[in-house]
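Asker: Handing over protein_17.txt, compact mmCIF, C-alpha atoms.
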# COMPACT_ATOMS: atom_id res chain seq x y z
CA MET I 1418 23.41 -4.35 -41.18
CA LYS I 1419 22.25 -3.07 -37.83
CA VAL I 1420 21.76 -4.67 -34.43
CA PHE I 1421 18.88 -3.80 -32.11
CA ARG I 1422 18.74 -4.48 -28.39
CA CYS I 1423 15.65 -4.66 -26.20
CA VAL I 1424 16.15 -2.05 -23.48
CA VAL I 1425 14.19 -4.11 -20.99
CA CYS I 1426 15.67 -7.58 -21.23
CA GLY I 1427 18.69 -7.33 -23.53
CA PHE I 1428 17.39 -9.58 -26.32
CA VAL I 1429 19.27 -8.79 -29.51
CA TYR I 1430 17.84 -8.65 -33.02
CA GLU I 1431 20.42 -8.71 -35.83
CA GLU I 1432 19.16 -7.62 -39.23
CA ALA I 1433 21.66 -9.94 -40.93
CA LEU I 1434 20.24 -12.98 -39.10
CA GLY I 1435 16.55 -12.13 -38.95
CA MET I 1436 14.37 -14.54 -36.95
CA PRO I 1437 13.42 -17.30 -39.41
CA GLU I 1438 11.58 -19.29 -36.73
CA GLU I 1439 9.26 -16.31 -36.32
CA GLY I 1440 8.84 -15.82 -40.04
CA ILE I 1441 11.30 -12.93 -40.25
CA ALA I 1442 13.78 -13.72 -43.02
CA ALA I 1443 17.49 -13.09 -42.60
CA GLY I 1444 18.28 -9.60 -43.80
CA THR I 1445 14.93 -8.11 -42.79
CA ARG I 1446 15.46 -4.48 -41.85
CA TRP I 1447 14.18 -3.31 -38.51
CA GLN I 1448 11.79 -0.84 -40.08
CA ASP I 1449 10.19 -3.65 -42.07
CA ILE I 1450 9.26 -5.67 -38.99
CA PRO I 1451 5.60 -5.07 -38.11
CA GLU I 1452 5.01 -2.43 -35.40
CA ASP I 1453 2.97 -4.86 -33.32
CA TRP I 1454 5.93 -7.26 -33.06
CA GLU I 1455 7.04 -7.91 -29.51
CA CYS I 1456 10.33 -8.97 -27.99
CA PRO I 1457 10.24 -12.78 -28.01
CA ASP I 1458 11.95 -12.97 -24.63
CA CYS I 1459 10.06 -10.43 -22.58
CA GLY I 1460 7.09 -9.24 -24.61
CA VAL I 1461 8.05 -5.61 -24.75
CA SER I 1462 6.84 -3.63 -27.75
CA LYS I 1463 8.99 -2.99 -30.80
CA GLY I 1464 8.94 0.70 -29.90
CA ASP I 1465 10.93 -0.05 -26.76
CA PHE I 1466 13.96 -1.42 -28.58
CA GLU I 1467 16.94 0.76 -29.26
CA MET I 1468 19.61 0.56 -31.88
CA GLU I 1469 22.96 -0.54 -30.65
CA GLU I 1470 26.22 0.53 -32.15
CA VAL I 1471 28.14 -2.49 -33.35
CA MET T 1427 -12.66 12.11 -12.66
CA LYS T 1428 -10.71 10.31 -9.99
CA PRO T 1429 -7.28 9.20 -11.19
CA ILE T 1430 -5.82 5.78 -11.66
CA VAL T 1431 -3.20 5.73 -8.92
CA ILE T 1432 -0.22 3.42 -9.41
CA ILE T 1433 2.12 2.72 -6.52
CA GLY T 1434 5.55 1.87 -7.89
CA THR T 1435 7.59 3.13 -10.84
CA GLY T 1436 9.47 0.02 -11.83
CA LEU T 1437 8.86 -1.98 -14.98
CA ALA T 1438 5.36 -2.75 -13.72
CA GLY T 1439 4.23 0.74 -12.73
CA TYR T 1440 5.75 2.53 -15.70
CA GLY T 1441 4.88 -0.36 -18.00
CA LEU T 1442 1.20 -0.12 -17.07
CA ALA T 1443 1.20 3.65 -17.48
CA LYS T 1444 2.74 3.33 -20.96
CA GLU T 1445 0.17 0.73 -21.99
CA LEU T 1446 -2.70 2.94 -20.78
CA ARG T 1447 -1.47 5.85 -22.87
CA ARG T 1448 -0.87 3.54 -25.87
CA LEU T 1449 -4.57 2.65 -25.67
CA ALA T 1450 -5.24 6.40 -25.83
CA TRP T 1451 -6.81 6.32 -22.38
CA GLN T 1452 -6.89 9.96 -21.43
CA GLY T 1453 -7.89 10.09 -17.77
CA PRO T 1454 -5.71 11.39 -14.96
CA LEU T 1455 -2.82 9.22 -13.90
CA THR T 1456 -0.82 9.50 -10.69
CA LEU T 1457 2.25 7.41 -9.90
CA ILE T 1458 3.82 7.24 -6.47
CA THR T 1459 7.30 5.97 -5.72
CA ALA T 1460 9.50 5.77 -2.66
CA ASP T 1461 12.58 6.24 -4.84
CA ASP T 1462 13.58 8.97 -7.29
CA GLY T 1463 11.37 7.65 -10.06
CA ARG T 1464 14.15 7.09 -12.61
CA SER T 1465 13.06 4.70 -15.34
CA TYR T 1466 15.39 1.75 -15.76
CA SER T 1467 15.23 -1.98 -16.39
CA LYS T 1468 16.07 -4.14 -13.41
CA PRO T 1469 17.09 -7.14 -15.55
CA MET T 1470 19.85 -4.99 -17.00
CA LEU T 1471 21.56 -4.40 -13.66
CA SER T 1472 23.27 -7.77 -13.80
CA SER T 1473 24.92 -7.16 -17.17
CA ALA T 1474 25.88 -3.51 -16.72
CA LEU T 1475 29.58 -4.08 -16.04
CA ALA T 1476 30.19 -6.02 -19.22
CA LYS T 1477 28.33 -3.34 -21.18
CA GLY T 1478 30.25 -0.49 -19.61
CA LYS T 1479 27.16 0.98 -17.99
CA ASP T 1480 26.71 2.34 -14.49
CA ALA T 1481 23.87 3.51 -12.25
CA ILE T 1482 23.69 6.81 -14.14
CA THR T 1483 23.68 5.39 -17.66
CA LEU T 1484 21.33 2.55 -16.75
CA ALA T 1485 18.58 5.09 -16.18
CA ASN T 1486 16.85 5.96 -19.43
CA ALA T 1487 14.69 8.79 -18.09
CA ASP T 1488 14.18 10.71 -14.88
CA ALA T 1489 10.82 11.22 -13.20
CA GLU T 1490 10.38 14.64 -14.76
CA LYS T 1491 10.71 13.25 -18.29
CA MET T 1492 8.46 10.32 -17.47
CA ALA T 1493 5.80 12.69 -16.15
CA VAL T 1494 5.81 14.53 -19.45
CA ASP T 1495 5.95 11.42 -21.64
CA LEU T 1496 3.15 9.73 -19.70
CA ASP T 1497 1.10 12.86 -19.02
CA ALA T 1498 1.07 11.79 -15.40
CA GLU T 1499 1.68 13.23 -11.97
CA ILE T 1500 4.64 11.43 -10.42
CA ARG T 1501 5.31 11.80 -6.71
CA THR T 1502 8.84 10.73 -5.92
CA HIS T 1503 10.44 10.01 -2.55
CA SER T 1504 6.92 9.36 -1.29
CA ARG T 1505 5.56 6.52 0.76
CA VAL T 1506 1.93 5.56 1.14
CA THR T 1507 1.08 5.35 4.83
CA GLU T 1508 -2.59 4.47 4.64
CA ILE T 1509 -4.92 2.76 2.17
CA ASP T 1510 -8.68 3.06 2.71
CA THR T 1511 -10.19 0.72 0.15
CA ASP T 1512 -13.80 1.42 1.12
CA GLY T 1513 -13.24 5.16 0.91
CA HIS T 1514 -11.15 4.78 -2.27
CA ARG T 1515 -8.36 6.93 -0.92
CA ILE T 1516 -4.74 6.68 0.09
CA VAL T 1517 -2.60 8.85 2.32
CA VAL T 1518 0.80 9.86 0.97
CA ASN T 1519 3.06 12.44 2.61
CA GLY T 1520 0.20 13.32 4.93
CA GLU T 1521 -2.13 14.11 2.07
CA SER T 1522 -5.28 12.19 1.25
CA ILE T 1523 -5.69 11.29 -2.45
CA GLY T 1524 -8.83 9.77 -3.86
CA TYR T 1525 -8.59 7.12 -6.56
CA GLY T 1526 -10.88 5.60 -9.14
CA SER T 1527 -8.65 2.56 -9.41
CA LEU T 1528 -5.55 1.73 -7.39
CA VAL T 1529 -2.72 -0.45 -8.66
CA LEU T 1530 -0.12 -1.85 -6.30
CA ALA T 1531 3.08 -2.40 -8.28
CA SER T 1532 5.49 -2.12 -5.40
CA GLY T 1533 7.56 -5.16 -6.23
CA ALA T 1534 9.58 -7.60 -4.21
CA SER T 1535 12.29 -7.10 -1.60
CA PRO T 1536 15.51 -8.98 -1.09
CA ILE T 1537 15.35 -11.67 1.55
CA ARG T 1538 17.78 -10.64 4.26
CA LEU T 1539 19.10 -13.63 6.15
CA PRO T 1540 20.06 -12.90 9.77
CA PHE T 1541 23.82 -13.04 9.33
CA LYS T 1542 25.96 -12.74 12.41
CA GLY T 1543 29.36 -11.12 12.84
CA ASP T 1544 30.69 -7.57 12.90
CA GLY T 1545 30.67 -7.45 9.11
CA ALA T 1546 27.08 -8.62 8.73
CA GLU T 1547 25.52 -5.17 8.39
CA GLU T 1548 27.83 -4.40 5.46
CA VAL T 1549 26.57 -7.28 3.38
CA LEU T 1550 24.94 -5.68 0.35
CA SER T 1551 21.83 -6.71 -1.50
CA VAL T 1552 20.94 -5.17 -4.84
CA ASN T 1553 17.34 -4.96 -5.97
CA ASN T 1554 17.03 -1.47 -7.43
CA LEU T 1555 19.02 1.25 -9.11
CA THR T 1556 19.87 3.00 -5.84
CA ASP T 1557 21.25 -0.22 -4.33
CA TYR T 1558 23.13 -0.75 -7.57
CA GLY T 1559 24.80 2.65 -7.37
CA LEU T 1560 26.05 1.89 -3.89
CA PHE T 1561 27.23 -1.56 -4.97
CA ARG T 1562 29.20 -0.10 -7.85
CA GLU T 1563 30.81 2.57 -5.70
CA LYS T 1564 32.20 -0.18 -3.52
CA LEU T 1565 32.91 -2.64 -6.33
CA ASP T 1566 34.95 -0.29 -8.41
CA ARG T 1567 37.54 -0.01 -5.65
CA ILE T 1568 37.99 -3.68 -4.84
CA GLU T 1569 39.00 -7.06 -6.27
CA ARG T 1570 37.39 -9.90 -4.38
CA VAL T 1571 33.63 -10.44 -4.06
CA ALA T 1572 31.79 -13.21 -2.26
CA VAL T 1573 28.23 -13.85 -3.47
CA ILE T 1574 25.92 -15.56 -1.01
CA GLY T 1575 23.29 -17.38 -3.01
CA PRO T 1576 24.29 -19.26 -6.18
CA GLY T 1577 20.87 -18.82 -7.76
CA LEU T 1578 19.69 -16.88 -10.80
CA ILE T 1579 20.57 -13.39 -9.55
CA GLY T 1580 23.81 -14.43 -7.83
CA SER T 1581 25.01 -16.26 -10.92
CA GLU T 1582 24.15 -13.35 -13.24
CA PHE T 1583 25.98 -10.87 -11.03
CA ALA T 1584 28.94 -13.24 -10.73
CA ASN T 1585 28.99 -13.63 -14.53
CA ASP T 1586 29.09 -9.85 -14.91
CA MET T 1587 31.82 -9.30 -12.32
CA LEU T 1588 34.02 -12.04 -13.77
CA GLN T 1589 34.01 -10.22 -17.07
CA VAL T 1590 35.62 -7.16 -15.56
CA GLY T 1591 38.28 -9.19 -13.82
CA LYS T 1592 36.88 -9.45 -10.32
CA LYS T 1593 37.70 -12.48 -8.23
CA VAL T 1594 34.31 -14.04 -7.44
CA THR T 1595 33.37 -16.73 -4.95
CA LEU T 1596 29.82 -18.06 -4.73
CA ILE T 1597 28.57 -19.69 -1.55
CA GLY T 1598 25.40 -21.59 -0.81
CA PRO T 1599 23.74 -24.84 0.22
CA ASP T 1600 22.49 -25.47 -3.31
CA PRO T 1601 23.90 -28.73 -4.75
CA TRP T 1602 24.47 -27.01 -8.11
CA PRO T 1603 23.95 -23.46 -9.38
CA ILE T 1604 20.35 -22.24 -9.85
CA SER T 1605 19.12 -25.60 -8.58
CA THR T 1606 15.58 -24.38 -7.85
CA LEU T 1607 15.05 -23.74 -11.57
CA ILE T 1608 17.26 -26.10 -13.55
CA PRO T 1609 18.27 -29.79 -13.36
CA GLU T 1610 21.76 -30.90 -12.46
CA ALA T 1611 23.11 -31.38 -15.98
CA ALA T 1612 22.28 -27.75 -16.81
CA GLY T 1613 23.56 -26.45 -13.48
CA ARG T 1614 26.89 -28.21 -13.93
CA ALA T 1615 27.27 -26.77 -17.43
CA VAL T 1616 26.96 -23.21 -16.19
CA GLN T 1617 29.06 -24.02 -13.14
CA MET T 1618 31.92 -25.20 -15.37
CA ALA T 1619 31.67 -22.23 -17.71
CA LEU T 1620 31.87 -19.73 -14.87
CA ALA T 1621 34.62 -21.76 -13.18
CA ASP T 1622 36.60 -21.63 -16.42
CA ALA T 1623 36.27 -17.85 -16.18
CA GLY T 1624 37.62 -17.94 -12.62
CA ALA T 1625 34.57 -18.39 -10.39
CA ASP T 1626 35.16 -20.26 -7.15
CA TRP T 1627 32.04 -22.27 -6.31
CA ARG T 1628 31.47 -23.26 -2.67
CA LEU T 1629 28.30 -25.31 -2.99
CA GLY T 1630 26.54 -27.62 -0.56
CA THR T 1631 27.56 -25.47 2.38
CA PHE T 1632 26.56 -22.36 4.30
CA ASN T 1633 28.52 -19.29 5.22
CA GLY T 1634 29.00 -18.55 8.90
CA ALA T 1635 29.28 -15.23 10.65
CA ILE T 1636 30.73 -12.49 8.51
CA GLU T 1637 33.63 -10.83 10.29
CA ARG T 1638 35.79 -7.88 9.40
CA LYS T 1639 39.38 -8.89 8.64
CA SER T 1640 42.37 -6.95 7.32
CA GLY T 1641 40.32 -4.28 5.60
CA GLY T 1642 37.95 -6.83 4.11
CA PHE T 1643 35.67 -9.58 5.36
CA TYR T 1644 35.89 -13.23 6.22
CA THR T 1645 33.55 -16.13 6.77
CA ALA T 1646 34.12 -19.70 7.87
CA LEU T 1647 32.03 -22.16 5.87
CA LYS T 1648 30.10 -24.99 7.48
CA ASP T 1649 32.11 -27.52 5.44
CA GLY T 1650 35.32 -26.27 7.04
CA GLY T 1651 36.39 -23.98 4.22
CA GLU T 1652 37.01 -20.25 4.45
CA VAL T 1653 36.25 -17.31 2.24
CA GLU T 1654 37.84 -13.90 2.33
CA ALA T 1655 36.51 -11.04 0.24
CA ASP T 1656 36.50 -7.28 0.07
CA LEU T 1657 32.75 -7.25 -0.38
CA PHE T 1658 29.92 -9.66 0.40
CA LEU T 1659 26.83 -9.59 -1.79
CA SER T 1660 23.68 -11.36 -0.67
CA ALA T 1661 21.57 -12.75 -3.50
CA VAL T 1662 19.51 -15.35 -1.70
CA GLY T 1663 16.23 -14.34 -3.28
CA VAL T 1664 13.44 -11.83 -3.20
CA ARG T 1665 9.93 -12.03 -1.85
CA PRO T 1666 6.90 -9.89 -2.61
CA ASP T 1667 6.67 -6.82 -0.39
CA LEU T 1668 3.35 -7.30 1.39
CA THR T 1669 3.47 -4.05 3.36
CA LEU T 1670 0.90 -2.17 1.30
CA GLY T 1671 -1.29 -5.23 0.86
CA GLN T 1672 -1.46 -5.68 4.59
CA ALA T 1673 -2.02 -1.97 5.20
CA ALA T 1674 -4.98 -2.15 2.85
CA GLY T 1675 -6.36 -5.27 4.49
CA LEU T 1676 -6.06 -7.26 1.27
CA GLU T 1677 -5.84 -11.03 1.08
CA VAL T 1678 -2.17 -11.95 0.97
CA ASN T 1679 -0.34 -15.23 0.64
CA LYS T 1680 3.14 -15.37 -0.78
CA GLY T 1681 2.18 -12.27 -2.76
CA ILE T 1682 -0.89 -10.09 -2.81
CA VAL T 1683 -3.60 -12.46 -3.99
CA ALA T 1684 -5.22 -11.66 -7.32
CA ASP T 1685 -7.50 -13.28 -9.87
CA ARG T 1686 -6.87 -13.51 -13.60
CA PHE T 1687 -8.02 -9.92 -14.01
CA LEU T 1688 -5.38 -8.88 -11.45
CA ARG T 1689 -8.15 -7.87 -9.04
CA THR T 1690 -7.34 -8.10 -5.36
CA SER T 1691 -9.83 -8.83 -2.61
CA ALA T 1692 -10.81 -5.14 -2.57
CA ARG T 1693 -12.90 -3.59 -5.31
CA ASP T 1694 -10.98 -1.28 -7.67
CA VAL T 1695 -7.62 -2.39 -6.24
CA TYR T 1696 -5.32 -4.29 -8.58
CA VAL T 1697 -1.79 -5.64 -8.51
CA LEU T 1698 0.94 -6.03 -11.10
CA GLY T 1699 4.49 -7.34 -11.22
CA ASP T 1700 6.64 -9.00 -8.58
CA VAL T 1701 4.21 -8.22 -5.75
CA ALA T 1702 1.35 -10.13 -7.34
CA GLU T 1703 0.21 -13.69 -6.84
CA VAL T 1704 -2.07 -14.33 -9.80
CA GLU T 1705 -4.23 -17.44 -9.48
CA GLY T 1706 -1.73 -18.89 -7.05
CA ARG T 1707 1.41 -18.03 -9.01
CA ASN T 1708 4.01 -15.40 -8.23
CA LEU T 1709 6.17 -14.97 -11.34
CA PRO T 1710 8.89 -12.38 -10.69
CA TYR T 1711 9.96 -12.02 -14.32
CA VAL T 1712 9.46 -9.50 -17.08
CA ALA T 1713 7.38 -11.52 -19.52
CA PRO T 1714 4.44 -12.18 -17.16
CA LEU T 1715 4.67 -8.58 -15.95
CA LEU T 1716 4.22 -7.25 -19.49
CA VAL T 1717 1.41 -9.69 -20.29
CA GLY T 1718 -0.25 -8.42 -17.12
CA ALA T 1719 0.37 -4.76 -17.91
CA LYS T 1720 -1.29 -5.04 -21.32
CA ALA T 1721 -4.31 -6.90 -19.93
CA LEU T 1722 -4.70 -4.60 -16.94
CA ALA T 1723 -4.45 -1.48 -19.08
CA ARG T 1724 -7.36 -2.75 -21.16
CA THR T 1725 -9.35 -3.60 -18.04
CA LEU T 1726 -8.74 -0.16 -16.53
CA ALA T 1727 -9.61 1.48 -19.82
CA GLY T 1728 -12.98 -0.23 -19.69
CA GLU T 1729 -12.60 -3.60 -21.42
CA GLU T 1730 -12.20 -6.39 -18.87
CA THR T 1731 -9.30 -8.49 -20.11
CA PRO T 1732 -7.94 -11.53 -18.34
CA VAL T 1733 -4.26 -12.31 -18.16
CA VAL T 1734 -3.48 -15.27 -20.41
CA TYR T 1735 0.12 -16.37 -20.17
CA PRO T 1736 1.76 -18.01 -23.18
CA HIS T 1737 4.78 -20.22 -22.51
CA MET T 1738 7.32 -17.77 -21.10
CA PRO T 1739 10.82 -19.22 -20.87
CA VAL T 1740 13.00 -17.79 -18.17
CA VAL T 1741 16.20 -16.50 -19.72
CA ILE T 1742 19.18 -16.45 -17.39
CA LYS T 1743 21.76 -14.00 -18.60
CA THR T 1744 24.92 -15.73 -17.49
CA THR T 1745 26.39 -14.63 -20.81
CA LEU T 1746 29.44 -16.88 -20.46
CA HIS T 1747 26.94 -19.74 -20.71
CA PRO T 1748 23.36 -18.50 -21.00
CA ILE T 1749 20.32 -20.53 -20.04
CA ALA T 1750 16.74 -20.59 -21.25
CA THR T 1751 14.29 -22.72 -19.36
CA LEU T 1752 10.63 -23.46 -18.99
CA PRO T 1753 10.80 -25.16 -15.60
CA PRO T 1754 8.30 -27.83 -14.61
CA GLY T 1755 5.96 -26.80 -11.78
CA PRO T 1756 7.28 -27.18 -8.23
CA GLY T 1757 7.13 -30.85 -7.20
CA GLU T 1758 5.85 -31.90 -10.62
CA GLU T 1759 6.43 -35.59 -11.34
CA GLY T 1760 8.22 -36.45 -14.54
CA THR T 1761 11.47 -37.28 -16.30
CA TRP T 1762 14.22 -35.26 -17.89
CA ARG T 1763 15.68 -36.52 -21.18
CA PHE T 1764 18.80 -34.91 -22.60
CA ASP T 1765 20.20 -34.71 -26.11
CA ASP T 1766 23.96 -35.11 -26.57
CA PRO T 1767 25.72 -32.02 -25.22
CA GLY T 1768 26.81 -29.31 -27.63
CA ALA T 1769 30.42 -28.58 -28.53
CA ASP T 1770 30.37 -25.87 -25.84
CA GLY T 1771 29.12 -28.34 -23.24
CA GLY T 1772 25.65 -26.88 -23.58
CA VAL T 1773 22.67 -28.94 -22.54
CA THR T 1774 19.36 -29.58 -24.30
CA GLY T 1775 16.91 -31.16 -21.90
CA ARG T 1776 13.21 -31.90 -22.22
CA PHE T 1777 10.96 -32.63 -19.24
CA TYR T 1778 8.12 -35.10 -19.78
CA ASP T 1779 5.35 -35.23 -17.21
CA SER T 1780 3.89 -38.43 -15.76
CA SER T 1781 1.58 -38.79 -18.76
CA GLY T 1782 4.53 -38.52 -21.13
CA ALA T 1783 3.70 -35.03 -22.36
CA LEU T 1784 6.42 -32.46 -22.98
CA ALA T 1785 6.03 -30.15 -19.98
CA GLY T 1786 9.27 -28.18 -19.76
CA PHE T 1787 12.75 -27.70 -21.11
CA VAL T 1788 16.21 -26.39 -20.34
CA LEU T 1789 18.75 -25.15 -22.89
CA THR T 1790 22.22 -23.95 -22.03
CA GLY T 1791 25.08 -22.32 -23.89
CA GLU T 1792 24.56 -21.97 -27.63
CA ALA T 1793 21.46 -24.18 -27.36
CA ALA T 1794 19.75 -21.40 -25.40
CA GLY T 1795 19.26 -19.69 -28.75
CA ARG T 1796 16.72 -22.39 -29.65
CA ARG T 1797 14.21 -21.44 -26.96
CA GLN T 1798 11.48 -20.31 -29.37
CA ALA T 1799 11.78 -23.62 -31.23
CA LEU T 1800 11.28 -25.51 -27.97
CA VAL T 1801 8.27 -23.35 -27.13
CA LYS T 1802 6.82 -24.35 -30.51
CA GLU T 1803 7.50 -28.02 -29.71
CA MET T 1804 5.52 -27.61 -26.52
CA GLU T 1805 2.66 -25.87 -28.29
CA GLU T 1806 2.56 -28.61 -30.94
CA ALA T 1807 2.65 -31.32 -28.29
CA ALA T 1808 -0.28 -29.68 -26.51
CA ARG T 1809 -2.26 -29.51 -29.76
CA ALA T 1810 -1.53 -33.16 -30.56
CA ALA T 1811 -2.63 -34.27 -27.09
Just give me the structure as structure tokens.
Answerer:
Amino acid sequence: MKVFRCVVCGFVYEEALGMPEEGIAAGTRWQDIPEDWECPDCGVSKGDFEMEEV
Amino acid sequence: MKPIVIIGTGLAGYGLAKELRRLAWQGPLTLITADDGRSYSKPMLSSALAKGKDAITLANADAEKMAVDLDAEIRTHSRVTEIDTDGHRIVVNGESIGYGSLVLASGASPIRLPFKGDGAEEVLSVNNLTDYGLFREKLDRIERVAVIGPGLIGSEFANDMLQVGKKVTLIGPDPWPISTLIPEAAGRAVQMALADAGADWRLGTFNGAIERKSGGFYTALKDGGEVEADLFLSAVGVRPDLTLGQAAGLEVNKGIVADRFLRTSARDVYVLGDVAEVEGRNLPYVAPLLVGAKALARTLAGEETPVVYPHMPVVIKTTLHPIATLPPGPGEEGTWRFDDPGADGGVTGRFYDSSGALAGFVLTGEAAGRRQALVKEMEEAARAA
């Protein structure tokens, strides 16, 4: 499963963990997160995340 | 059609431009910057070492690419020397440019304390990518760094340097690290974590004159101690850069004064980011900047949209022991209550105001991962009130 990092603030989204407190189940793939989702730490748009090699 | 002119190409200036184009606003856009216009994220400077990045790789696009991506004219290495708000024009590089709307997004500048000593002029401060490049050139050749200012920025930079094996000393009058934002229990937790990684904390004291000594630098502390280092880094804080605001005759206070629509005292002149003081608050963080950028883009595109801030925890990226906090307002009366510490010494603290309402929190270490849950607690408490 992949890991995505916000290029602005460094917040990390891990597909394996999801974000259950935001209604995103563990295992949710990045492409299945709605496009209007924003970084919970800084508010930047989903489009401004990048995939990080793990 | 006169352009929207944005002064500044940091997260605010570029962020606003991106939001305008996302709204499919198609008018002319001009950005002006005193630097080279590279797009980068300032919050990422203080974790670059641990991630193996440098001033080159921190930049995600140069001005040329940004100009294409944003369909904008970008004037780099350019300073605005005159702002005529009645005439709706600015002067940059001797040329007069008319604007439909003007946005000042010129940011904040490091506070430079008047240090004495023959080493004082070599004390570095880092508030942009260019500064950072210079800092890294020096850092990569040396071992010992003294950080003046054990606040948010100083602690993040110290955290980063410790992870690449630098010997780091932090100096300042603060009773505990980051004391303007977090209570003692939280400050001590991060102090211990960084100390365990080798940080030498010299708190409750001031540095003296900074003198050259044996190829490096030296300062005598007010408490009688001494610090020697190969490099001194000043991280005592930043303050909004009021230069343009004053040149334009705008109302200024701590920042350039703005209402909830980010309007300044001059018609068609707006502010965004670290330079702004919105309804009395200057919030030099990314989350309020991006809330502002989205609202201002809508306003400039024709739909007046006020800034409405949700709860925006400040995340302090001392990765050895991270912190997330929603600090109470300055001077706010209330009480902190703490849960039992975590296995990593991490703190969970809730601040209750004088009416007993949950009005802030601090989470450190692994507990910092629970920040969204604490935000929800605060939202629920507000609804129940």
Asker: Taking only C-alpha atoms into account, what are the residues of chain I at most 6 Å from chain T, put as an mmCIF file with C-alpha atoms, in the coordinates of the input?
Answerer:
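Just written: out30.cif:
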data_model
loop_
_atom_site.group_PDB
_atom_site.id
_atom_site.type_symbol
_atom_site.label_atom_id
_atom_site.label_comp_id
_atom_site.auth_asym_id
_atom_site.auth_seq_id
_atom_site.Cartn_x
_atom_site.Cartn_y
_atom_site.Cartn_z
ATOM 1 C CA VAL I 1425 14.190 -4.110 -20.990
ATOM 2 C CA CYS I 1426 15.670 -7.580 -21.230
ATOM 3 C CA CYS I 1459 10.060 -10.430 -22.580
ATOM 4 C CA GLY I 1460 7.090 -9.240 -24.610
#
Asker: Would you kindly return, as a PyMOL selection string, each protein, DNA or RNA residue with an atom no farther than 9 Å from any atom of Leu1789 in chain T, considering all atoms listed in the file and excluding same-chain residues fewer than 2 positions away?
Answerer: chain T and resi 1612+1748-1751+1772-1776+1787+1791-1797
Asker: For CA of Leu1746 in chain T and CA of Val1573 in chain T, quote the distance in Å rounded to one decimal.
Answerer: 17.3 Å
Asker: Enter the distance from CA of Leu1709 in chain T to CA of Leu1676 in chain T, in Å, rounded to one decimal.
Answerer: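 Atom-to-atom, CA of Leu1709 in chain T to CA of Leu1676 in chain T, that is 19.2 Å.
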Asker: Nearest to Gly1642 in chain T among T:Phe1658, T:Pro1756, T:Lys1477, T:Gly1533, with distances taken over all atoms listed in the file: which residue is it?
Answerer: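 Result for the nearest residue to Gly1642 in chain T: T:Phe1658.
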Asker: Could you make a table, as a tab-separated table, of the residues of range 1443-1549 of chain T that have an atom within 7 Å of an atom of range 1686-1700 of chain T, each with its nearest atom pair and distance in Å to one decimal, counting all atoms listed in the file, in chain and number order?
Answerer:
residue	atom	partner	partner_atom	distance
T:Thr1511	CA	T:Ala1692	CA	6.5
T:Ser1527	CA	T:Asp1694	CA	4.8
T:Leu1528	CA	T:Val1695	CA	4.8
T:Val1529	CA	T:Tyr1696	CA	4.6
T:Leu1530	CA	T:Val1697	CA	4.7
T:Ala1531	CA	T:Leu1698	CA	5.1
T:Gly1533	CA	T:Asp1700	CA	4.6
T:Ala1534	CA	T:Asp1700	CA	5.4
Asker: Could you name the residues that touch Pro1454 in chain T at 9 Å or less, counting all atoms listed in the file, but leaving out those on the same chain fewer than 6 positions away, as a PDB file with C-alpha atoms, in the coordinates of the input?
Answerer:
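After the write, out.pdb holds the following:
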ATOM      1  CA  MET T1427     -12.660  12.110 -12.660  1.00  0.00           C
ATOM      2  CA  LYS T1428     -10.710  10.310  -9.990  1.00  0.00           C
ATOM      3  CA  PRO T1429      -7.280   9.200 -11.190  1.00  0.00           C
ATOM      4  CA  ILE T1430      -5.820   5.780 -11.660  1.00  0.00           C
ATOM      5  CA  VAL T1431      -3.200   5.730  -8.920  1.00  0.00           C
ATOM      6  CA  ASP T1497       1.100  12.860 -19.020  1.00  0.00           C
ATOM      7  CA  ALA T1498       1.070  11.790 -15.400  1.00  0.00           C
ATOM      8  CA  GLU T1499       1.680  13.230 -11.970  1.00  0.00           C
TER       9      GLU T1499
END
Asker: Quick one, how far is CA of Thr1595 in chain T from CA of Ala1572 in chain T?
Answerer: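 For CA of Thr1595 in chain T relative to CA of Ala1572 in chain T, the distance reads 4.7 Å.
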Asker: When you look at range 1442-1449 of chain I with a cut-off of 7 Å (counting all atoms listed in the file), what residues show up, excluding the ones that are within fewer than 5 positions of it in the same chain? I need them as a PDB file with C-alpha atoms, keeping the file's coordinate frame.
Answerer:
ATOM      1  CA  GLU I1432      19.160  -7.620 -39.230  1.00  0.00           C
ATOM      2  CA  ALA I1433      21.660  -9.940 -40.930  1.00  0.00           C
ATOM      3  CA  LEU I1434      20.240 -12.980 -39.100  1.00  0.00           C
ATOM      4  CA  GLY I1435      16.550 -12.130 -38.950  1.00  0.00           C
ATOM      5  CA  MET I1436      14.370 -14.540 -36.950  1.00  0.00           C
ATOM      6  CA  PRO I1437      13.420 -17.300 -39.410  1.00  0.00           C
TER       7      PRO I1437
END
Asker: Give, as lines of an AutoDock Vina configuration file, the centre coordinates and the x, y and z edge lengths in Å to one decimal for an axis-aligned box around all listed atoms of range 1472-1490 of chain T, padded by 5 Å on each side.
Answerer:
center_x = 20.3
center_y = 3.4
center_z = -16.7
size_x = 29.9
size_y = 32.4
size_z = 18.9
Asker: Between T:Ile1568, T:Ala1619, T:Ala1584, T:Leu1670, which residue has the minimum interatomic distance to Thr1790 in chain T, considering all atoms listed in the file?
Answerer: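 The shortest atom-to-atom distance to Thr1790 in chain T comes from T:Ala1619.
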Asker: Just save range 1445-1451 of chain I with C-alpha atoms, as an mmCIF file, in the first residue's frame.
Answerer:
data_model
loop_
_atom_site.group_PDB
_atom_site.id
_atom_site.type_symbol
_atom_site.label_atom_id
_atom_site.label_comp_id
_atom_site.auth_asym_id
_atom_site.auth_seq_id
_atom_site.Cartn_x
_atom_site.Cartn_y
_atom_site.Cartn_z
ATOM 1 C CA THR I 1445 -8.764 3.224 1.162
ATOM 2 C CA ARG I 1446 -6.700 3.858 -1.943
ATOM 3 C CA TRP I 1447 -5.615 7.394 -2.665
ATOM 4 C CA GLN I 1448 -7.545 7.521 -5.913
ATOM 5 C CA ASP I 1449 -10.739 6.645 -4.061
ATOM 6 C CA ILE I 1450 -10.521 9.634 -1.725
ATOM 7 C CA PRO I 1451 -12.789 12.427 -3.000
#
